[in-house]
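Novice: Below: one structure in structure tokens.
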Amino acid sequence: VYRATDTTGKLRSDVAIKMSKVAPGAKKSSKMRNAYILHREAQWSIQRLHNPARPQYNSAYASLFVQYFEDHTGFWANRGVGFDEERAIFEAASFSWDRFEPASPLPHIPYVAMDLVPGKTLHNAMGWGQEPAES
């Protein structure tokens with residue numbers, strides 16, 4: 001996750017850019033699976049959790065989670081397929097990332113723009129790693 005400044009004025013001044021992190025030599029299927037997981041996180045926030053147009057929207061619940069603003073992970077299912085239908089496709093036990101071919105090429109480095117929340121990383125908080133050096 002990287003700190004970035006939005007120069008367009010559409011988002012808050014400082015945002016977090018979360019990039020899909022897969023080893024450069026990883027299999028194509030691993031890269032796609034990791035990018036899809038990032039896409040699913042972003043769409044959950046954008047379409048469900050932080051969408052005041054939804055009848056089930058609850059600002060108190062939404063405030064407990066970081067808000068995703070933009071999803072730059074690619075298009076996964078055919079246009080017009082809803083969130084639940086898309087999840088049913090890609091999370092089915094019979095689905096194979098090795099056999100999947102996206103309809104359009106996916107971004108070289110999939111990423112999302114999200115709310116910047118200062119603090120420790122989850123890995124550090126759990127004692128699994130060290131904080132990156134401040135720049």
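Labels used: A, B, ... for chains in the order of the structure tokens, numbers from 1 for residues in each chain, and numbers from 1 for ligands as shown.
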Which neighbours of range 60-76 of chain A fall inside 7 Å, counting only C-alpha atoms, when residues of the same chain fewer than 4 positions from it are skipped, and could you give them as a VMD selection string?
Specialist: chain A and resid 35 39 42 45 to 46 49 to 50 102 106 to 107 110 to 115
Novice: Could those selected residues go to a file with N, CA and C atoms, as a short mmCIF file (atom, residue, chain, number, x, y, z; two decimals), in the first residue's frame?
Specialist:
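selection-v8.cif was written with the following content:
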```
data_model
loop_
_atom_site.label_atom_id
_atom_site.label_comp_id
_atom_site.auth_asym_id
_atom_site.auth_seq_id
_atom_site.Cartn_x
_atom_site.Cartn_y
_atom_site.Cartn_z
N ALA A 35 -5.57 -10.51 -8.24
CA ALA A 35 -6.22 -9.29 -8.73
C ALA A 35 -7.73 -9.36 -8.51
N HIS A 39 -10.18 -6.87 -6.50
CA HIS A 39 -11.40 -6.36 -7.15
C HIS A 39 -12.63 -6.60 -6.26
N ALA A 42 -12.73 -4.19 -3.35
CA ALA A 42 -13.11 -2.84 -3.78
C ALA A 42 -14.60 -2.76 -4.11
N SER A 45 -16.92 -2.62 -1.11
CA SER A 45 -17.01 -1.29 -0.54
C SER A 45 -17.82 -0.36 -1.44
N ILE A 46 -17.50 -0.31 -2.72
CA ILE A 46 -18.12 0.63 -3.65
C ILE A 46 -19.61 0.35 -3.84
N LEU A 49 -21.07 -1.70 0.92
CA LEU A 49 -20.83 -1.15 2.25
C LEU A 49 -20.90 0.38 2.31
N HIS A 50 -20.34 1.06 1.32
CA HIS A 50 -20.27 2.53 1.34
C HIS A 50 -21.19 3.16 0.29
N PRO A 102 -9.84 -13.89 -19.53
CA PRO A 102 -10.69 -12.70 -19.46
C PRO A 102 -11.06 -12.20 -20.85
N LEU A 106 -6.30 -7.73 -18.69
CA LEU A 106 -6.29 -7.13 -17.37
C LEU A 106 -5.12 -6.16 -17.27
N PRO A 107 -5.19 -5.19 -16.37
CA PRO A 107 -4.08 -4.25 -16.20
C PRO A 107 -2.80 -4.98 -15.82
N PRO A 110 -2.68 -4.38 -11.39
CA PRO A 110 -4.00 -4.00 -10.86
C PRO A 110 -3.86 -3.26 -9.53
N TYR A 111 -4.71 -2.24 -9.34
CA TYR A 111 -4.66 -1.48 -8.09
C TYR A 111 -6.02 -0.87 -7.80
N VAL A 112 -6.17 -0.42 -6.55
CA VAL A 112 -7.37 0.30 -6.13
C VAL A 112 -6.93 1.55 -5.37
N ALA A 113 -7.77 2.58 -5.42
CA ALA A 113 -7.56 3.78 -4.61
C ALA A 113 -8.55 3.71 -3.46
N MET A 114 -8.05 3.97 -2.26
CA MET A 114 -8.88 3.84 -1.08
C MET A 114 -8.52 4.90 -0.05
N ASP A 115 -9.35 5.00 0.96
CA ASP A 115 -9.14 5.93 2.05
C ASP A 115 -7.79 5.63 2.70
#
```
Novice: Could you tell me, as a count of residues only, which residues of range 24-109 of chain A DSSP assigns to strand (DSSP E or B) when given the backbone?
Specialist: 5
